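**Student:** Have a look at this one.
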Amino acid sequence: MKIILFNSENQVLDIFLAEDIEIEGNSISFDGNRLGGVQSNYIIVDNETTNAQIGGTIPEILKEKDKKSQFYKKDPENVLQTQVGELQQESAMQLQAIADIYELLMQQGVDPSSLLGGGES
């Protein structure tokens, strides 16, 4: 991957070859290095996507290939809250399905307790 820093005129200020990228706030960590307080614009693209050079200009089409959204650090608490919310929604849907089945059985005159297989003959 390449991290390409550029200014408001799309002029390339610096290029870093990078793997193991993580973005947190305005800091970019990669390969044991850290760029803190990044104020300039930047994109992260595949190595093969560009032959940009320092002092050159970033074309708009290259900006469209930016992959920085893949590298934002995930807050463990937010990840956990999202997972809990998804589980709650799934549980609610399952309970609704059970209630719908129960109601359908009752409408058809079937006693749901008879389906438990209590061994009665």
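Identifiers in the structure tokens: chain A, B, ... in order shown; residue index from 1 per chain; ligand index from 1 in order shown.
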Given only C-alpha atoms, how would the per-residue table for stretch 44-107 of chain A near stretch 7-28 of chain A read, listing every residue at most 12 Å away with its closest atom pair and distance in Å to one decimal, sorted by chain and number, as JSON lines?

**Tutor:**
```
{"residue": "A:Ile44", "atom": "CA", "partner": "A:Ala18", "partner_atom": "CA", "distance": 9.2}
{"residue": "A:Val45", "atom": "CA", "partner": "A:Leu17", "partner_atom": "CA", "distance": 9.9}
{"residue": "A:Asp46", "atom": "CA", "partner": "A:Leu17", "partner_atom": "CA", "distance": 9.6}
{"residue": "A:Asn47", "atom": "CA", "partner": "A:Leu17", "partner_atom": "CA", "distance": 7.8}
{"residue": "A:Glu48", "atom": "CA", "partner": "A:Leu17", "partner_atom": "CA", "distance": 11.5}
{"residue": "A:Thr50", "atom": "CA", "partner": "A:Ile15", "partner_atom": "CA", "distance": 11.0}
{"residue": "A:Asn51", "atom": "CA", "partner": "A:Ile15", "partner_atom": "CA", "distance": 10.5}
{"residue": "A:Ala52", "atom": "CA", "partner": "A:Val12", "partner_atom": "CA", "distance": 7.6}
{"residue": "A:Gln53", "atom": "CA", "partner": "A:Val12", "partner_atom": "CA", "distance": 6.7}
{"residue": "A:Ile54", "atom": "CA", "partner": "A:Val12", "partner_atom": "CA", "distance": 4.9}
{"residue": "A:Gly55", "atom": "CA", "partner": "A:Val12", "partner_atom": "CA", "distance": 5.1}
{"residue": "A:Gly56", "atom": "CA", "partner": "A:Val12", "partner_atom": "CA", "distance": 5.5}
{"residue": "A:Thr57", "atom": "CA", "partner": "A:Gln11", "partner_atom": "CA", "distance": 4.5}
{"residue": "A:Ile58", "atom": "CA", "partner": "A:Asn10", "partner_atom": "CA", "distance": 5.2}
{"residue": "A:Pro59", "atom": "CA", "partner": "A:Asn10", "partner_atom": "CA", "distance": 7.6}
{"residue": "A:Glu60", "atom": "CA", "partner": "A:Asn10", "partner_atom": "CA", "distance": 8.8}
{"residue": "A:Ile61", "atom": "CA", "partner": "A:Asn10", "partner_atom": "CA", "distance": 12.0}
{"residue": "A:Leu62", "atom": "CA", "partner": "A:Asn10", "partner_atom": "CA", "distance": 10.8}
{"residue": "A:Lys63", "atom": "CA", "partner": "A:Asn10", "partner_atom": "CA", "distance": 9.8}
{"residue": "A:Lys67", "atom": "CA", "partner": "A:Ile21", "partner_atom": "CA", "distance": 10.8}
{"residue": "A:Lys68", "atom": "CA", "partner": "A:Ile23", "partner_atom": "CA", "distance": 8.0}
{"residue": "A:Ser69", "atom": "CA", "partner": "A:Ile23", "partner_atom": "CA", "distance": 8.8}
{"residue": "A:Gln70", "atom": "CA", "partner": "A:Glu22", "partner_atom": "CA", "distance": 8.8}
{"residue": "A:Phe71", "atom": "CA", "partner": "A:Glu22", "partner_atom": "CA", "distance": 5.0}
{"residue": "A:Tyr72", "atom": "CA", "partner": "A:Ile23", "partner_atom": "CA", "distance": 4.5}
{"residue": "A:Lys73", "atom": "CA", "partner": "A:Glu24", "partner_atom": "CA", "distance": 5.5}
{"residue": "A:Lys74", "atom": "CA", "partner": "A:Glu24", "partner_atom": "CA", "distance": 8.6}
{"residue": "A:Asp75", "atom": "CA", "partner": "A:Glu24", "partner_atom": "CA", "distance": 9.6}
```

**Student:** Write out as a VMD selection string all residues of chain A that DSSP puts in strand (DSSP E) for this structure's backbone.

**Tutor:** chain A and resid 2 to 6 12 to 17 21 to 24 27 to 30 33 to 35 41 to 45

**Student:** Let's have the selection written as a PDB file, in the first residue's frame, with C-alpha atoms.

**Tutor:**
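Wrote it out as out.pdb, contents follow:
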```
ATOM      1  CA  LYS A   2       1.013   3.625  -0.431  1.00  0.00           C
ATOM      2  CA  ILE A   3       0.105   6.481   1.871  1.00  0.00           C
ATOM      3  CA  ILE A   4       0.188   9.626  -0.246  1.00  0.00           C
ATOM      4  CA  LEU A   5       0.110  13.027   1.472  1.00  0.00           C
ATOM      5  CA  PHE A   6      -0.968  15.967  -0.688  1.00  0.00           C
ATOM      6  CA  VAL A  12       2.061  15.248  -3.665  1.00  0.00           C
ATOM      7  CA  LEU A  13       3.985  16.183  -0.523  1.00  0.00           C
ATOM      8  CA  ASP A  14       5.214  12.742   0.540  1.00  0.00           C
ATOM      9  CA  ILE A  15       4.722   9.037  -0.173  1.00  0.00           C
ATOM     10  CA  PHE A  16       5.148   6.147   2.249  1.00  0.00           C
ATOM     11  CA  LEU A  17       5.186   2.475   1.336  1.00  0.00           C
ATOM     12  CA  ILE A  21      -1.804   0.413   8.581  1.00  0.00           C
ATOM     13  CA  GLU A  22      -4.025   1.785  11.335  1.00  0.00           C
ATOM     14  CA  ILE A  23      -5.651   5.229  11.497  1.00  0.00           C
ATOM     15  CA  GLU A  24      -6.677   6.753  14.800  1.00  0.00           C
ATOM     16  CA  SER A  27      -2.478   9.807  13.385  1.00  0.00           C
ATOM     17  CA  ILE A  28      -1.464   7.072  10.979  1.00  0.00           C
ATOM     18  CA  SER A  29       0.537   4.085  12.227  1.00  0.00           C
ATOM     19  CA  PHE A  30       2.215   1.655   9.861  1.00  0.00           C
ATOM     20  CA  ASN A  33       6.104   3.992  12.422  1.00  0.00           C
ATOM     21  CA  ARG A  34       3.659   6.735  13.326  1.00  0.00           C
ATOM     22  CA  LEU A  35       2.695   9.945  11.562  1.00  0.00           C
ATOM     23  CA  ASN A  41      -4.935  15.470   2.847  1.00  0.00           C
ATOM     24  CA  TYR A  42      -3.962  11.883   2.224  1.00  0.00           C
ATOM     25  CA  ILE A  43      -5.099   8.752   0.467  1.00  0.00           C
ATOM     26  CA  ILE A  44      -4.160   5.117   0.863  1.00  0.00           C
ATOM     27  CA  VAL A  45      -3.988   3.135  -2.357  1.00  0.00           C
TER      28      VAL A  45
END
```
